[in-house]
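**Student:** Below: one structure in structure tokens.
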Amino acid sequence: QIRNALAVGLRVACYHFARYTSIPDAQNEARFFVKVARQFGMYDDTLMIDDAEVNSASDYQGTTLAFLQEVEALGYKSTGVYSMRSFFTGGVLNSHGFGNRKKWVAGYGVTTLGIDNANAWQYTDHGIMGIDTSLDFDGAFTTGEASGSVPTTPVPAPQPVEHVGKPATGTYTVQSGDTLSGIAGKYNTTWQTLAAINSLGNPNLLQVGQVLKVTGNASPQNTYYVQAGDTLSGIATKFGTTVSALVQANAISNPNVIYVGQKIVLGGSSSVYTVKA
């Protein structure tokens, strides 16, 4: 994807889903992020984003800043943070505490972000062609071409750290031997709901240390990925909707033909229009 995007003149940025619980932990994750970016030949002007959406540190602002500073110290000078609107408006993160670093904010179903210095707004997770769609206010993600060189600053070895943070409310960290159905049983829900609210492509493939949301219900913003043996009517029954609603919401031409791994948007169809000749 990176090679093809660059070949047609698109600008490529990178982001890392953060799970750190302390500053040393954040620095370790930043080093890993840089190592992978170098492996893909990302230049030193590549926009490197910290995807900070699991509040599991006592000072989430401080640990997030430490992550960005470590990435910068290792040669990538263009950095930023991605998170949901509620983290910024609720005080978990301070958008004015990151200096000139980019702020990319996810806010669905709202007409304004309420954040006066956002650089980009992800306004839906099923927009153009059914994928995440953002507004880029200052061209940080879309303007210009990558140039420069791949940083060569030595990356320090990971250091042992103590995980001192607090678990994020409404989340569960996958342990060895866990299954999605077993986790669902602990929280009085179903594996189908967990798969939907976490957008799991394969509910049988969990990773130790993976952070799952365990509260909430399927909504139009949630998605479900088709599993072997699924039918559209069965999916509709699981999530309290109808086949016709799923057909409209997902522009499905034949309700009898769905495929494993297909992304199904759950919920109503009020905002769906089928293009006509």
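Here's how to read the names in the structure tokens: chain A, B, ... by the order shown, residue numbers from 1 in each chain, ligand numbers from 1 in the order shown.
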Run DSSP on the backbone and grab whatever in stretch 142-252 of chain A lands in strand (DSSP E or B); send it over as a PyMOL selection string.
**Tutor:** chain A and resi 171-173+211-213+223-225
**Student:** How would the residues just picked look written out with N, CA and C atoms as an mmCIF file, in the first residue's frame?
**Tutor:**
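Okay, result22.cif is ready:
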data_model
loop_
_atom_site.group_PDB
_atom_site.id
_atom_site.type_symbol
_atom_site.label_atom_id
_atom_site.label_comp_id
_atom_site.auth_asym_id
_atom_site.auth_seq_id
_atom_site.Cartn_x
_atom_site.Cartn_y
_atom_site.Cartn_z
ATOM 1 N N THR A 171 -12.874 -1.435 29.517
ATOM 2 C CA THR A 171 -12.023 -2.225 28.640
ATOM 3 C C THR A 171 -11.527 -3.473 29.362
ATOM 4 N N TYR A 172 -11.054 -4.421 28.573
ATOM 5 C CA TYR A 172 -10.459 -5.643 29.115
ATOM 6 C C TYR A 172 -9.193 -5.943 28.316
ATOM 7 N N THR A 173 -8.132 -6.310 29.023
ATOM 8 C CA THR A 173 -6.869 -6.666 28.373
ATOM 9 C C THR A 173 -6.791 -8.180 28.223
ATOM 10 N N VAL A 211 -6.315 -4.743 23.866
ATOM 11 C CA VAL A 211 -7.304 -4.052 24.695
ATOM 12 C C VAL A 211 -8.639 -4.056 23.966
ATOM 13 N N LEU A 212 -9.660 -4.608 24.620
ATOM 14 C CA LEU A 212 -10.986 -4.694 24.029
ATOM 15 C C LEU A 212 -11.978 -3.816 24.781
ATOM 16 N N LYS A 213 -12.872 -3.178 24.061
ATOM 17 C CA LYS A 213 -14.010 -2.535 24.694
ATOM 18 C C LYS A 213 -14.984 -3.630 25.120
ATOM 19 N N THR A 223 -19.406 -1.787 13.450
ATOM 20 C CA THR A 223 -19.341 -2.655 12.283
ATOM 21 C C THR A 223 -19.165 -4.097 12.729
ATOM 22 N N TYR A 224 -19.551 -4.997 11.842
ATOM 23 C CA TYR A 224 -19.383 -6.426 12.082
ATOM 24 C C TYR A 224 -18.715 -7.011 10.853
ATOM 25 N N TYR A 225 -17.780 -7.921 11.067
ATOM 26 C CA TYR A 225 -17.096 -8.558 9.950
ATOM 27 C C TYR A 225 -17.604 -9.986 9.795
#
**Student:** Excluding same-chain residues fewer than 5 positions from A:Phe88, what lies within 12 Å of it counting only C-alpha atoms, as a ChimeraX atom specification?
**Tutor:** /A:52-53,55,60-61,81-83,93-98,103-107,113-118
**Student:** Let's have the selection written as a compact mmCIF listing (two decimals), in the first residue's frame, with N, CA, C and O atoms.
**Tutor:**
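Produced file out-v1.txt, reproduced below:
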# COMPACT_ATOMS: atom_id res chain seq x y z
N ALA A 52 -3.82 7.66 20.28
CA ALA A 52 -3.96 7.61 21.74
C ALA A 52 -5.44 7.53 22.10
O ALA A 52 -6.08 8.56 22.35
N GLU A 53 -5.99 6.34 22.15
CA GLU A 53 -7.41 6.19 22.46
C GLU A 53 -7.71 5.17 23.55
O GLU A 53 -8.86 4.82 23.77
N ASN A 55 -7.10 5.12 27.40
CA ASN A 55 -6.62 5.89 28.55
C ASN A 55 -6.22 4.94 29.68
O ASN A 55 -7.03 4.60 30.54
N TYR A 60 -2.13 10.65 31.18
CA TYR A 60 -2.17 10.26 29.77
C TYR A 60 -1.58 11.35 28.88
O TYR A 60 -0.96 11.05 27.86
N GLN A 61 -1.76 12.60 29.26
CA GLN A 61 -1.15 13.70 28.51
C GLN A 61 0.37 13.57 28.53
O GLN A 61 1.04 13.68 27.50
N VAL A 81 -1.00 13.70 17.26
CA VAL A 81 -1.78 12.78 18.09
C VAL A 81 -3.18 12.64 17.49
O VAL A 81 -3.78 13.61 17.03
N TYR A 82 -3.66 11.40 17.48
CA TYR A 82 -5.03 11.09 17.07
C TYR A 82 -5.79 10.58 18.28
O TYR A 82 -5.29 9.72 19.02
N SER A 83 -6.99 11.10 18.51
CA SER A 83 -7.82 10.57 19.58
C SER A 83 -9.26 11.01 19.35
O SER A 83 -9.56 11.79 18.44
N LEU A 93 -6.98 14.52 27.44
CA LEU A 93 -5.90 15.12 26.67
C LEU A 93 -6.19 16.61 26.50
O LEU A 93 -7.35 17.01 26.41
N ASN A 94 -5.13 17.40 26.42
CA ASN A 94 -5.25 18.85 26.22
C ASN A 94 -4.69 19.18 24.85
O ASN A 94 -3.47 19.08 24.63
N SER A 95 -5.54 19.59 23.93
CA SER A 95 -5.08 19.85 22.56
C SER A 95 -4.07 20.98 22.50
O SER A 95 -3.27 21.04 21.57
N HIS A 96 -4.08 21.87 23.50
CA HIS A 96 -3.14 22.97 23.51
C HIS A 96 -1.84 22.60 24.23
O HIS A 96 -0.94 23.44 24.34
N GLY A 97 -1.74 21.35 24.69
CA GLY A 97 -0.54 20.92 25.39
C GLY A 97 0.45 20.18 24.51
O GLY A 97 1.44 19.63 25.01
N PHE A 98 0.21 20.20 23.19
CA PHE A 98 1.11 19.49 22.28
C PHE A 98 1.86 20.44 21.34
O PHE A 98 2.46 19.99 20.37
N LYS A 103 -3.04 17.71 15.55
CA LYS A 103 -4.14 17.12 16.33
C LYS A 103 -5.20 16.61 15.36
O LYS A 103 -5.80 17.40 14.63
N TRP A 104 -5.39 15.30 15.34
CA TRP A 104 -6.36 14.65 14.44
C TRP A 104 -7.44 14.07 15.33
O TRP A 104 -7.16 13.19 16.16
N VAL A 105 -8.66 14.56 15.20
CA VAL A 105 -9.72 14.27 16.18
C VAL A 105 -10.85 13.49 15.52
O VAL A 105 -11.34 13.85 14.44
N ALA A 106 -11.28 12.41 16.18
CA ALA A 106 -12.44 11.64 15.72
C ALA A 106 -13.68 12.12 16.45
O ALA A 106 -13.74 12.12 17.67
N GLY A 107 -14.67 12.57 15.68
CA GLY A 107 -15.94 12.99 16.26
C GLY A 107 -17.05 12.66 15.30
O GLY A 107 -17.20 13.32 14.26
N LEU A 113 -16.56 20.17 16.33
CA LEU A 113 -15.69 19.43 17.23
C LEU A 113 -15.59 20.08 18.60
O LEU A 113 -15.37 19.40 19.60
N GLY A 114 -15.71 21.40 18.66
CA GLY A 114 -15.50 22.09 19.93
C GLY A 114 -14.03 22.13 20.33
O GLY A 114 -13.71 22.33 21.49
N ILE A 115 -13.15 21.94 19.35
CA ILE A 115 -11.70 21.96 19.58
C ILE A 115 -11.11 22.95 18.58
O ILE A 115 -11.13 22.70 17.37
N ASP A 116 -10.60 24.07 19.08
CA ASP A 116 -10.29 25.18 18.19
C ASP A 116 -8.98 25.06 17.44
O ASP A 116 -8.67 25.89 16.58
N ASN A 117 -8.17 24.04 17.74
CA ASN A 117 -6.88 23.92 17.04
C ASN A 117 -6.69 22.56 16.40
O ASN A 117 -5.56 22.10 16.21
N ALA A 118 -7.79 21.88 16.05
CA ALA A 118 -7.68 20.59 15.38
C ALA A 118 -7.17 20.79 13.95
O ALA A 118 -7.57 21.73 13.26
**Student:** Quick one: residues within 10 Å of A:Leu246, only C-alpha atoms counted, chain neighbours fewer than 3 positions away excluded, as number ranges by chain?
**Tutor:** A: 232-233, 235-236, 241-243, 249-252, 255, 264-269
**Student:** Restricting the calculation to only C-alpha atoms: of A:Leu6, A:Ala120, A:Val36, A:Ala195, which residue gets closest to A:Asp138?
**Tutor:** A:Ala120
**Student:** Atom CA of A:Thr89 to atom CA of A:Ile23: how many Å, to one decimal?
**Tutor:** 23.0 Å
**Student:** Write out as a PyMOL selection string all residues of stretch 9-252 of chain A that backbone DSSP assigns to helix (DSSP H, G or I).
**Tutor:** chain A and resi 23-39+60-73+85-89+95-97+128-130+180-186+191-197+232-238+243-250
**Student:** Could you write out that same residue set with C-alpha atoms as a compact mmCIF listing (two decimals), in the first residue's frame?
**Tutor:**
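out_4.txt written:
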# COMPACT_ATOMS: atom_id res chain seq x y z
CA ILE A 23 6.50 7.20 30.35
CA PRO A 24 9.19 4.47 29.96
CA ASP A 25 6.54 2.28 28.38
CA ALA A 26 5.64 5.07 25.95
CA GLN A 27 9.30 5.52 25.02
CA ASN A 28 9.61 1.79 24.29
CA GLU A 29 6.56 1.91 22.02
CA ALA A 30 7.95 4.98 20.22
CA ARG A 31 11.17 3.09 19.51
CA PHE A 32 9.21 0.19 18.07
CA PHE A 33 7.17 2.60 15.93
CA VAL A 34 10.34 4.22 14.55
CA LYS A 35 11.94 0.84 13.87
CA VAL A 36 8.97 -0.28 11.77
CA ALA A 37 8.77 3.07 9.94
CA ARG A 38 12.43 2.76 8.96
CA GLN A 39 11.85 -0.76 7.68
CA TYR A 60 -2.17 10.26 29.77
CA GLN A 61 -1.15 13.70 28.51
CA GLY A 62 2.37 13.26 29.86
CA THR A 63 2.85 9.74 28.51
CA THR A 64 1.50 10.73 25.10
CA LEU A 65 3.86 13.70 24.96
CA ALA A 66 6.77 11.43 25.98
CA PHE A 67 5.92 9.10 23.08
CA LEU A 68 5.98 11.98 20.57
CA GLN A 69 9.20 13.42 21.97
CA GLU A 70 10.95 10.07 21.66
CA VAL A 71 9.84 9.70 18.03
CA GLU A 72 11.22 13.18 17.35
CA ALA A 73 14.50 12.43 19.12
CA ARG A 85 -13.27 14.15 20.68
CA SER A 86 -14.39 13.12 24.18
CA PHE A 87 -10.76 12.74 25.33
CA PHE A 88 -10.08 16.36 24.42
CA THR A 89 -13.34 17.84 25.67
CA SER A 95 -5.08 19.85 22.56
CA HIS A 96 -3.14 22.97 23.51
CA GLY A 97 -0.54 20.92 25.39
CA ILE A 128 -16.39 7.31 1.17
CA MET A 129 -16.38 3.76 -0.22
CA GLY A 130 -17.32 2.54 3.26
CA LEU A 180 -14.02 -13.85 22.89
CA SER A 181 -16.97 -15.89 24.11
CA GLY A 182 -15.30 -16.35 27.49
CA ILE A 183 -14.65 -12.62 27.81
CA ALA A 184 -18.25 -11.92 26.77
CA GLY A 185 -19.47 -14.21 29.56
CA LYS A 186 -17.53 -12.22 32.15
CA TRP A 191 -19.17 -12.42 21.49
CA GLN A 192 -21.05 -10.98 18.52
CA THR A 193 -21.46 -7.64 20.29
CA LEU A 194 -17.80 -7.60 21.32
CA ALA A 195 -16.78 -8.36 17.74
CA ALA A 196 -18.95 -5.49 16.50
CA ILE A 197 -17.91 -2.78 18.96
CA LEU A 232 -27.41 -11.69 6.54
CA SER A 233 -30.60 -12.74 8.32
CA GLY A 234 -28.56 -14.28 11.13
CA ILE A 235 -26.51 -11.10 11.53
CA ALA A 236 -29.70 -9.03 11.57
CA THR A 237 -31.14 -11.21 14.34
CA LYS A 238 -27.95 -11.00 16.42
CA VAL A 243 -32.16 -7.72 6.56
CA SER A 244 -33.61 -4.81 4.58
CA ALA A 245 -31.91 -2.27 6.86
CA LEU A 246 -28.56 -4.04 6.44
CA VAL A 247 -29.05 -4.27 2.69
CA GLN A 248 -29.70 -0.52 2.45
CA ALA A 249 -27.01 0.56 4.92
CA ASN A 250 -24.37 -1.48 3.10
**Student:** Extract, using only C-alpha atoms, all DNA, RNA and protein residues at most 9 Å from A:Pro151, discarding same-chain residues fewer than 4 positions from it, and format them as a PyMOL selection string.
**Tutor:** chain A and resi 38+42-44+74-76
